[in-house]
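Engineer: File structure-v1.pdb below, PDB, C-alpha atoms and all ligand atoms:
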ATOM      1  CA  MET A1253       7.738   6.503 -22.645
ATOM      2  CA  GLN A1254       9.139  10.038 -22.493
ATOM      3  CA  ASP A1255      11.630  11.041 -19.810
ATOM      4  CA  GLY A1256       9.126  13.446 -18.310
ATOM      5  CA  ASP A1257       6.753  10.543 -17.616
ATOM      6  CA  LEU A1258       9.246   8.682 -15.405
ATOM      7  CA  TYR A1259       8.811   8.809 -11.629
ATOM      8  CA  GLU A1260      10.928   8.438  -8.528
ATOM      9  CA  ILE A1261       9.383   6.154  -5.885
ATOM     10  CA  TYR A1262      10.025   6.323  -2.141
ATOM     11  CA  ALA A1263       8.953   3.599   0.295
ATOM     12  CA  VAL A1264       8.580   5.294   3.685
ATOM     13  CA  LYS A1265       8.330   3.123   6.789
ATOM     14  CA  TYR A1266       6.113   4.534   9.529
ATOM     15  CA  GLY A1267       5.629   1.568  11.879
ATOM     16  CA  GLU A1268       6.130  -2.100  12.557
ATOM     17  CA  VAL A1269       4.961  -5.139  14.475
ATOM     18  CA  ALA A1270       7.654  -7.601  15.527
ATOM     19  CA  ASP A1271       7.711 -11.273  16.487
ATOM     20  CA  ARG A1272       4.873 -12.461  14.349
ATOM     21  CA  ALA A1273       4.666 -16.191  13.781
ATOM     22  CA  MET A1274       5.040 -17.069  10.097
ATOM     23  CA  SER A1275       1.607 -18.731  10.371
ATOM     24  CA  GLU A1276       0.218 -15.213  10.805
ATOM     25  CA  ASN A1277       1.918 -14.167   7.578
ATOM     26  CA  MET A1278       0.971 -16.971   5.220
ATOM     27  CA  ILE A1279      -1.507 -19.788   4.984
ATOM     28  CA  GLY A1280       0.403 -22.956   5.835
ATOM     29  CA  GLY A1281       3.190 -21.102   7.669
ATOM     30  CA  ASP A1282       5.039 -22.814  10.531
ATOM     31  CA  PRO A1283       3.504 -21.570  13.821
ATOM     32  CA  HIS A1284       6.894 -22.024  15.569
ATOM     33  CA  ASP A1285       8.809 -19.819  13.183
ATOM     34  CA  MET A1286       8.793 -16.379  14.842
ATOM     35  CA  SER A1287      10.748 -14.589  12.156
ATOM     36  CA  GLY A1288       7.915 -12.608  10.714
ATOM     37  CA  GLN A1289       8.360  -8.896  11.412
ATOM     38  CA  LEU A1290       5.845  -6.858   9.485
ATOM     39  CA  ASP A1291       6.644  -3.268   8.435
ATOM     40  CA  PHE A1292       4.136  -0.539   7.651
ATOM     41  CA  TYR A1293       4.786   1.738   4.675
ATOM     42  CA  VAL A1294       3.370   4.586   2.683
ATOM     43  CA  TRP A1295       4.778   5.342  -0.755
ATOM     44  CA  ALA A1296       5.524   8.608  -2.549
ATOM     45  CA  VAL A1297       5.513   8.576  -6.354
ATOM     46  CA  VAL A1298       7.264  11.764  -7.412
ATOM     47  CA  GLY A1299       7.170  12.968 -11.003
ATOM     48  CA  ARG A1300       8.452  16.103 -12.648
ATOM     49  CA  SER A1301       5.062  17.796 -12.486
ATOM     50  CA  ARG A1302       2.908  15.639 -10.184
ATOM     51  CA  THR A1303       3.292  13.717  -6.940
ATOM     52  CA  PHE A1304       1.026  10.821  -5.984
ATOM     53  CA  ILE A1305       0.899   9.399  -2.473
ATOM     54  CA  VAL A1306      -0.056   5.746  -2.139
ATOM     55  CA  ASP A1307      -1.917   5.008   1.126
ATOM     56  CA  THR A1308      -2.114   7.008   4.342
ATOM     57  CA  GLY A1309      -1.145   4.597   7.146
ATOM     58  CA  PHE A1310      -2.593   4.927  10.648
ATOM     59  CA  ASN A1311      -2.424   7.375  13.555
ATOM     60  CA  HIS A1312      -1.436   7.194  17.252
ATOM     61  CA  GLU A1313      -4.901   6.168  18.498
ATOM     62  CA  THR A1314      -5.131   3.231  16.101
ATOM     63  CA  ALA A1315      -1.583   2.155  16.932
ATOM     64  CA  ALA A1316      -2.483   2.043  20.643
ATOM     65  CA  GLU A1317      -5.796   0.247  20.020
ATOM     66  CA  ARG A1318      -4.210  -2.440  17.868
ATOM     67  CA  ASN A1319      -0.893  -2.714  19.705
ATOM     68  CA  ARG A1320       1.185  -1.628  16.730
ATOM     69  CA  LYS A1321       4.360   0.418  16.921
ATOM     70  CA  LEU A1322       3.973   3.782  15.193
ATOM     71  CA  GLN A1323       7.436   5.264  14.669
ATOM     72  CA  ARG A1324       6.280   8.433  12.923
ATOM     73  CA  LEU A1325       3.011   9.640  11.461
ATOM     74  CA  PRO A1326       2.819   8.984   7.718
ATOM     75  CA  LYS A1327       2.889  12.741   7.028
ATOM     76  CA  GLU A1328       6.068  13.014   9.156
ATOM     77  CA  GLY A1329       7.697  10.212   7.191
ATOM     78  CA  LEU A1330       6.737  11.848   3.915
ATOM     79  CA  ALA A1331       8.250  15.146   5.091
ATOM     80  CA  LEU A1332      11.579  13.317   5.500
ATOM     81  CA  VAL A1333      11.618  12.655   1.740
ATOM     82  CA  GLY A1334      10.555  16.200   0.901
ATOM     83  CA  VAL A1335       6.799  15.732   0.500
ATOM     84  CA  ASP A1336       4.460  18.190   2.231
ATOM     85  CA  ALA A1337       1.238  16.277   2.962
ATOM     86  CA  GLY A1338      -0.709  19.535   3.045
ATOM     87  CA  ALA A1339       0.276  20.263  -0.546
ATOM     88  CA  VAL A1340      -0.406  16.779  -1.951
ATOM     89  CA  ARG A1341      -3.038  16.795  -4.726
ATOM     90  CA  ASP A1342      -3.513  13.047  -5.335
ATOM     91  CA  VAL A1343      -3.737  10.171  -2.856
ATOM     92  CA  ILE A1344      -4.284   6.621  -4.083
ATOM     93  CA  VAL A1345      -5.922   4.471  -1.389
ATOM     94  CA  THR A1346      -5.163   0.881  -2.387
ATOM     95  CA  HIS A1347      -7.858  -0.419  -0.021
ATOM     96  CA  MET A1348      -9.464   0.775   3.196
ATOM     97  CA  HIS A1349      -7.841  -1.477   5.825
ATOM     98  CA  TYR A1350      -6.815   0.472   8.949
ATOM     99  CA  ASP A1351      -3.123   0.513   8.012
ATOM    100  CA  HIS A1352      -3.770   2.011   4.544
ATOM    101  CA  ALA A1353      -6.569   4.569   5.015
ATOM    102  CA  GLY A1354      -5.973   5.972   8.501
ATOM    103  CA  THR A1355      -4.766   9.578   8.229
ATOM    104  CA  LEU A1356      -6.892  10.829   5.345
ATOM    105  CA  SER A1357      -7.434  14.185   7.063
ATOM    106  CA  ASP A1358      -3.684  14.901   6.988
ATOM    107  CA  PHE A1359      -4.065  15.434   3.214
ATOM    108  CA  PRO A1360      -6.562  18.331   3.176
ATOM    109  CA  ASN A1361      -5.968  19.367  -0.442
ATOM    110  CA  ALA A1362      -5.915  15.926  -2.033
ATOM    111  CA  ARG A1363      -8.211  14.130  -4.389
ATOM    112  CA  PHE A1364      -8.568  10.508  -3.266
ATOM    113  CA  HIS A1365      -8.584   7.561  -5.651
ATOM    114  CA  LEU A1366     -10.425   4.377  -4.658
ATOM    115  CA  GLN A1367     -11.947   1.344  -6.355
ATOM    116  CA  ALA A1368     -15.750   1.573  -6.350
ATOM    117  CA  GLN A1369     -15.878  -2.047  -5.179
ATOM    118  CA  GLU A1370     -13.852  -1.199  -2.076
ATOM    119  CA  MET A1371     -16.350   1.402  -0.888
ATOM    120  CA  GLU A1372     -19.191  -1.031  -1.554
ATOM    121  CA  TYR A1373     -17.325  -3.756   0.358
ATOM    122  CA  ALA A1374     -16.457  -1.557   3.358
ATOM    123  CA  THR A1375     -20.025  -0.235   3.715
ATOM    124  CA  GLY A1376     -22.023  -3.313   2.721
ATOM    125  CA  PRO A1377     -23.170  -6.714   3.978
ATOM    126  CA  CYS A1378     -19.672  -8.270   4.077
ATOM    127  CA  MET A1379     -18.956  -6.104   7.141
ATOM    128  CA  CYS A1380     -21.546  -8.135   9.079
ATOM    129  CA  HIS A1381     -18.786 -10.767   9.376
ATOM    130  CA  GLU A1382     -16.445 -10.083  12.283
ATOM    131  CA  VAL A1383     -13.394 -11.592  10.578
ATOM    132  CA  ILE A1384     -13.821  -9.488   7.424
ATOM    133  CA  LYS A1385     -14.643  -6.321   9.364
ATOM    134  CA  ALA A1386     -11.659  -6.611  11.744
ATOM    135  CA  PRO A1387      -9.023  -4.881   9.565
ATOM    136  CA  TYR A1388     -11.349  -1.916   8.889
ATOM    137  CA  HIS A1389     -11.679   1.081  11.206
ATOM    138  CA  VAL A1390     -15.136   2.606  11.110
ATOM    139  CA  GLU A1391     -13.855   6.188  11.536
ATOM    140  CA  ASP A1392     -11.697   5.821   8.398
ATOM    141  CA  VAL A1393     -14.665   4.498   6.443
ATOM    142  CA  CYS A1394     -16.842   7.405   7.647
ATOM    143  CA  THR A1395     -14.103   9.894   6.707
ATOM    144  CA  MET A1396     -13.994   8.401   3.227
ATOM    145  CA  VAL A1397     -17.781   8.718   2.907
ATOM    146  CA  ARG A1398     -17.445  12.400   3.881
ATOM    147  CA  LYS A1399     -14.760  12.836   1.202
ATOM    148  CA  LEU A1400     -17.222  11.359  -1.288
ATOM    149  CA  TYR A1401     -19.956  13.822  -0.310
ATOM    150  CA  ALA A1402     -17.437  16.692  -0.389
ATOM    151  CA  GLY A1403     -16.576  15.842  -4.000
ATOM    152  CA  GLU A1404     -12.997  14.836  -3.156
ATOM    153  CA  LEU A1405     -13.195  11.183  -4.194
ATOM    154  CA  THR A1406     -12.646   9.648  -7.628
ATOM    155  CA  PHE A1407     -13.846   6.084  -8.083
ATOM    156  CA  HIS A1408     -12.101   3.664 -10.405
ATOM    157  CA  ASP A1409     -13.568   0.467 -11.763
ATOM    158  CA  GLY A1410     -10.811  -2.021 -12.572
ATOM    159  CA  ASP A1411      -7.780  -0.565 -14.338
ATOM    160  CA  ALA A1412      -7.246   3.159 -14.856
ATOM    161  CA  GLN A1413      -4.502   5.459 -16.112
ATOM    162  CA  LEU A1414      -4.143   8.372 -13.665
ATOM    163  CA  ALA A1415      -1.478  10.221 -15.661
ATOM    164  CA  PRO A1416       1.162   9.254 -18.226
ATOM    165  CA  GLY A1417       3.364   6.672 -16.483
ATOM    166  CA  ILE A1418       1.073   5.810 -13.559
ATOM    167  CA  SER A1419      -1.899   3.458 -13.481
ATOM    168  CA  VAL A1420      -3.966   1.525 -10.949
ATOM    169  CA  HIS A1421      -5.064  -2.104 -11.333
ATOM    170  CA  HIS A1422      -7.766  -3.952  -9.448
ATOM    171  CA  ILE A1423      -6.302  -7.127  -7.928
ATOM    172  CA  GLY A1424      -8.891  -9.257  -6.200
ATOM    173  CA  GLY A1425      -8.369 -11.534  -3.244
ATOM    174  CA  HIS A1426      -7.132  -9.691  -0.143
ATOM    175  CA  ALA A1427      -9.920  -7.114   0.000
ATOM    176  CA  LYS A1428     -12.708  -6.959  -2.548
ATOM    177  CA  GLY A1429     -11.587  -3.655  -4.025
ATOM    178  CA  LEU A1430      -7.804  -3.701  -3.603
ATOM    179  CA  MET A1431      -5.749  -2.024  -6.303
ATOM    180  CA  SER A1432      -2.025  -2.128  -6.975
ATOM    181  CA  VAL A1433      -0.154   0.750  -8.589
ATOM    182  CA  ARG A1434       2.080   0.514 -11.674
ATOM    183  CA  VAL A1435       4.672   3.253 -12.107
ATOM    184  CA  GLU A1436       7.096   3.910 -14.972
ATOM    185  CA  THR A1437      10.625   4.472 -13.665
ATOM    186  CA  ARG A1438      14.157   4.647 -15.042
ATOM    187  CA  ARG A1439      14.494   0.858 -14.440
ATOM    188  CA  GLY A1440      11.191  -0.026 -16.103
ATOM    189  CA  PRO A1441       7.712  -0.394 -14.659
ATOM    190  CA  VAL A1442       7.577  -0.928 -10.888
ATOM    191  CA  VAL A1443       4.421  -2.362  -9.311
ATOM    192  CA  LEU A1444       3.522  -1.353  -5.761
ATOM    193  CA  ALA A1445       1.564  -4.440  -4.759
ATOM    194  CA  SER A1446       0.250  -3.084  -1.454
ATOM    195  CA  ASP A1447      -1.523  -6.021   0.192
ATOM    196  CA  ALA A1448      -1.864  -8.044  -3.016
ATOM    197  CA  ALA A1449       1.478  -9.425  -1.710
ATOM    198  CA  HIS A1450       2.506  -8.621   1.864
ATOM    199  CA  PHE A1451       5.916 -10.332   1.700
ATOM    200  CA  TYR A1452       8.335 -11.542  -0.958
ATOM    201  CA  ALA A1453       7.674 -15.026   0.465
ATOM    202  CA  ASN A1454       3.952 -14.795  -0.320
ATOM    203  CA  LEU A1455       4.873 -14.169  -3.952
ATOM    204  CA  GLU A1456       7.801 -16.565  -4.219
ATOM    205  CA  GLN A1457       5.978 -19.472  -2.563
ATOM    206  CA  ARG A1458       2.567 -18.569  -3.986
ATOM    207  CA  ARG A1459       1.087 -18.721  -0.470
ATOM    208  CA  PRO A1460      -1.538 -16.142   0.535
ATOM    209  CA  PHE A1461      -1.467 -13.907   3.604
ATOM    210  CA  PRO A1462      -4.289 -15.207   5.836
ATOM    211  CA  ILE A1463      -6.510 -12.086   5.648
ATOM    212  CA  VAL A1464      -8.242 -13.003   2.428
ATOM    213  CA  TYR A1465     -11.570 -12.367   0.732
ATOM    214  CA  ASN A1466     -11.058 -14.844  -2.120
ATOM    215  CA  VAL A1467      -8.083 -17.240  -2.212
ATOM    216  CA  ALA A1468      -8.327 -18.049  -5.938
ATOM    217  CA  ASP A1469      -8.399 -14.344  -6.878
ATOM    218  CA  LEU A1470      -5.464 -13.669  -4.583
ATOM    219  CA  LEU A1471      -3.407 -16.442  -6.216
ATOM    220  CA  ALA A1472      -4.307 -15.174  -9.697
ATOM    221  CA  GLY A1473      -3.252 -11.724  -8.463
ATOM    222  CA  PHE A1474       0.338 -12.909  -7.929
ATOM    223  CA  ASP A1475       0.583 -13.725 -11.648
ATOM    224  CA  ARG A1476      -1.034 -10.416 -12.543
ATOM    225  CA  LEU A1477       1.448  -8.414 -10.454
ATOM    226  CA  GLU A1478       4.403 -10.039 -12.198
ATOM    227  CA  ALA A1479       2.829  -9.567 -15.620
ATOM    228  CA  LEU A1480       2.186  -5.867 -14.926
ATOM    229  CA  ALA A1481       5.788  -5.367 -13.785
ATOM    230  CA  GLY A1482       7.300  -7.475 -16.557
ATOM    231  CA  ALA A1483       9.826  -8.946 -14.079
ATOM    232  CA  PRO A1484       9.405 -10.378 -10.554
ATOM    233  CA  ASP A1485      12.041  -8.051  -9.069
ATOM    234  CA  ARG A1486       9.983  -5.038 -10.073
ATOM    235  CA  VAL A1487       7.089  -6.097  -7.803
ATOM    236  CA  VAL A1488       7.307  -4.457  -4.364
ATOM    237  CA  PRO A1489       5.408  -6.221  -1.563
ATOM    238  CA  GLY A1490       3.404  -4.099   0.862
ATOM    239  CA  HIS A1491       4.788  -5.060   4.280
ATOM    240  CA  ASP A1492       8.165  -6.780   3.868
ATOM    241  CA  PRO A1493      11.072  -5.462   6.015
ATOM    242  CA  ARG A1494      13.430  -6.707   3.298
ATOM    243  CA  VAL A1495      12.323  -3.860   1.014
ATOM    244  CA  LEU A1496      14.496  -1.477   3.050
ATOM    245  CA  HIS A1497      17.473  -3.851   2.742
ATOM    246  CA  ARG A1498      17.096  -4.596  -0.954
ATOM    247  CA  TYR A1499      16.760  -1.007  -2.120
ATOM    248  CA  PRO A1500      19.171   1.886  -1.541
ATOM    249  CA  ALA A1501      18.236   4.299   1.238
ATOM    250  CA  ALA A1502      16.820   7.650   0.135
ATOM    251  CA  SER A1503      19.821   9.215   1.923
ATOM    252  CA  ASP A1504      22.399   8.150   4.539
ATOM    253  CA  GLU A1505      20.257   9.581   7.361
ATOM    254  CA  LEU A1506      17.184   7.680   6.147
ATOM    255  CA  LYS A1507      18.665   4.148   6.293
ATOM    256  CA  GLY A1508      15.969   1.869   7.725
ATOM    257  CA  ILE A1509      13.303   4.525   7.143
ATOM    258  CA  ALA A1510      13.017   5.345   3.427
ATOM    259  CA  ALA A1511      14.247   3.610   0.278
ATOM    260  CA  ARG A1512      14.304   4.444  -3.434
ATOM    261  CA  LEU A1513      12.306   1.874  -5.397
ATOM    262  CA  ASP A1514      13.121   3.381  -8.783
ATOM    263  CA  ALA A1515      16.739   2.313  -8.197
ATOM    264  CA  GLU A1516      17.940  -1.231  -8.910
ATOM    265  CA  PRO A1517      17.654  -3.584  -5.902
ATOM    266  CA  ALA A1518      20.872  -5.039  -4.469
TER     267      ALA A1518
HETATM  268 ZN    ZN A1601      -4.949  -5.023   3.868
HETATM  269 ZN    ZN A1602      -1.779  -3.821   5.007
END
Starting from the file, give its structure as structure tokens.
Ligand SMILES: [Zn+2]
Ligand SMILES: [Zn+2]
Structural biologist:
Amino acid sequence: MQDGDLYEIYAVKYGEVADRAMSENMIGGDPHDMSGQLDFYVWAVVGRSRTFIVDTGFNHETAAERNRKLQRLPKEGLALVGVDAGAVRDVIVTHMHYDHAGTLSDFPNARFHLQAQEMEYATGPCMCHEVIKAPYHVEDVCTMVRKLYAGELTFHDGDAQLAPGISVHHIGGHAKGLMSVRVETRRGPVVLASDAAHFYANLEQRRPFPIVYNVADLLAGFDRLEALAGAPDRVVPGHDPRVLHRYPAASDELKGIAARLDAEPA
């Protein structure tokens, strides 16, 4: 790995939902344990010559509809770490749930990266089931179809190298076409799990988050994430508030908002 192929990674928090019962966060969780805050993030992977954004969050309308707290639009959060959404050339959409694919239009010059299976899932017969359809927002899916017809979408099938030092990996289980992102950094490869692991506890206890397409694939995905990272502490879960405590803030002013994942965790 050459120095030029190493990336900085920023986790940028844009929203949250507090007071979730742990039973909403993992299968078998205690329904009385109300300690489960869930944070919403987008991630910026910043290299010497290229920047990749991972996921696009949701907007004000979706926050109101779903009773989520939006603290800043994803593009506003990215601006805080020096990324201009209008200038971004590559956006990796890990899967098309409402909290990951919601502000696609705020990245007008980007090429979007998606697993082919995820588009098939989000537009096919599985969406006849209310419980599977619930985390998808039809406007986001339609926007993605328009991106496809406009020639702005690149499909991946399984694992793919996007550039030296950054690759995507299909991890089944949570959504049919979810992919996690592996990034070479100064502390070794870091894996952005997205919803392949919502919380550290899902990983540590090997207990799935209850929104699940295939439990066995999701459980196998936990092993895959750790194998891709080479060490459990280089896997970053997609919604855990502890990420902002474990990793150093991007700057003093951004404590509780943005953290550096290419730095060693505390
Ligand atoms: Zn999801
Ligand atoms: Zn999510």
Engineer: Considering all atoms listed in the file, give me a table of residues in segment 1476-1508 of chain A that are at most 10 Å from segment 1419-1424 of chain A, with the closest atom pair and distance in Å for each, as a tab-separated table.
Structural biologist:
residue	atom	partner	partner_atom	distance
A:Arg1476	CA	A:Ile1423	CA	7.7
A:Leu1477	CA	A:Ile1423	CA	8.3
A:Leu1480	CA	A:His1421	CA	8.9
Engineer: The selected residues should be written to file as a short mmCIF file (atom, residue, chain, number, x, y, z; two decimals), in the coordinates of the input (atoms: C-alpha atoms).
Structural biologist:
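Listing of selection-v5.cif after writing:
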data_model
loop_
_atom_site.label_atom_id
_atom_site.label_comp_id
_atom_site.auth_asym_id
_atom_site.auth_seq_id
_atom_site.Cartn_x
_atom_site.Cartn_y
_atom_site.Cartn_z
CA ARG A 1476 -1.03 -10.42 -12.54
CA LEU A 1477 1.45 -8.41 -10.45
CA LEU A 1480 2.19 -5.87 -14.93
#
Engineer: Determine, using all atoms listed in the file, which residues of chain A have any atom at most 9 Å from an atom of ligand ZN 1602 (chain A), and tabulate each with its shortest atom pair and distance in Å to one decimal place, rows ordered by chain and then rising number, as a Markdown table.
Structural biologist:
| residue | atom | partner | partner_atom | distance |
| --- | --- | --- | --- | --- |
| A:Phe1292 | CA | A:ZN1602 | ZN | 7.3 |
| A:Tyr1293 | CA | A:ZN1602 | ZN | 8.6 |
| A:Gly1309 | CA | A:ZN1602 | ZN | 8.7 |
| A:His1347 | CA | A:ZN1602 | ZN | 8.6 |
| A:His1349 | CA | A:ZN1602 | ZN | 6.6 |
| A:Tyr1350 | CA | A:ZN1602 | ZN | 7.7 |
| A:Asp1351 | CA | A:ZN1602 | ZN | 5.4 |
| A:His1352 | CA | A:ZN1602 | ZN | 6.2 |
| A:Pro1387 | CA | A:ZN1602 | ZN | 8.6 |
| A:Ser1446 | CA | A:ZN1602 | ZN | 6.8 |
| A:Asp1447 | CA | A:ZN1602 | ZN | 5.3 |
| A:His1450 | CA | A:ZN1602 | ZN | 7.2 |
| A:Gly1490 | CA | A:ZN1602 | ZN | 6.6 |
| A:His1491 | CA | A:ZN1602 | ZN | 6.7 |
Engineer: Could you jot down the atom CA of Arg1272 of chain A to atom CA of Glu1505 of chain A separation for me, Å, one decimal place?
Structural biologist: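 Atom CA of Glu1505 of chain A lies 27.8 Å from atom CA of Arg1272 of chain A.
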Engineer: The PyMOL selection byres (((chain A and resi 1298) around 9) and not hetatm) - which residues does that actually catch in the file I just gave you? List them as a ChimeraX atom specification.
Structural biologist: /A:1258-1262,1296-1297,1299-1305,1335
Engineer: I need the residue nearest Cys1394 of chain A from this list: A:Pro1360, A:Gly1482, A:Gly1354, A:Gly1267. Use all atoms listed in the file for the distance.
Structural biologist: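 Of A:Pro1360, A:Gly1482, A:Gly1354, A:Gly1267, the one nearest Cys1394 of chain A, counting all atoms listed in the file, is A:Gly1354.
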Engineer: On this structure, which residues satisfy the PyMOL selection byres (((chain A and resi 1323) around 9) and not hetatm), written as a compact mmCIF listing (two decimals) with C-alpha atoms, in the frame of the given file?
Structural biologist:
# COMPACT_ATOMS: atom_id res chain seq x y z
CA LYS A 1265 8.33 3.12 6.79
CA TYR A 1266 6.11 4.53 9.53
CA GLY A 1267 5.63 1.57 11.88
CA GLU A 1268 6.13 -2.10 12.56
CA LYS A 1321 4.36 0.42 16.92
CA LEU A 1322 3.97 3.78 15.19
CA ARG A 1324 6.28 8.43 12.92
CA LEU A 1325 3.01 9.64 11.46
CA GLY A 1329 7.70 10.21 7.19
Engineer: Of the candidates A:Ala1427, A:Ala1479, A:Ala1448, A:Val1443, which shows the shortest atom-to-atom distance to Tyr1373 of chain A, using only C-alpha atoms?
Structural biologist: A:Ala1427
Engineer: I need the residue nearest ligand ZN 1601 (chain A) from this list: A:Leu1414, A:Ala1386, A:Met1379, A:Ala1368. Use all atoms listed in the file for the distance.
Structural biologist: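 Of A:Leu1414, A:Ala1386, A:Met1379, A:Ala1368, the one nearest ligand ZN 1601 (chain A) is A:Ala1386, counting all atoms listed in the file.
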Engineer: Tell me which protein, DNA and RNA residues are within 8 Å of Gln1289 of chain A, counting all atoms listed in the file, leaving out same-chain ones fewer than 2 positions away, and put them as an MDAnalysis selection string.
Structural biologist: chainID A and resid 1268:1272 1287 1291 1492:1493
Engineer: Please enumerate the residues selected by the PyMOL selection byres (((chain A and resi 1474) around 8) and not hetatm) when evaluated against the supplied file, formatted as a list in words.
Structural biologist: Ala1448, Ala1449, Leu1455, Arg1458, Leu1470, Leu1471, Ala1472, Gly1473, Asp1475, Arg1476, Leu1477 and Glu1478 of chain A
Engineer: Restricting the calculation to only C-alpha atoms and all ligand atoms: of A:His1426, A:His1389, A:Arg1320, A:Arg1512, which residue gets closest to ligand ZN 1601 (chain A)?
Structural biologist: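 Among the listed residues, the smallest separation from ligand ZN 1601 (chain A) belongs to A:His1426.
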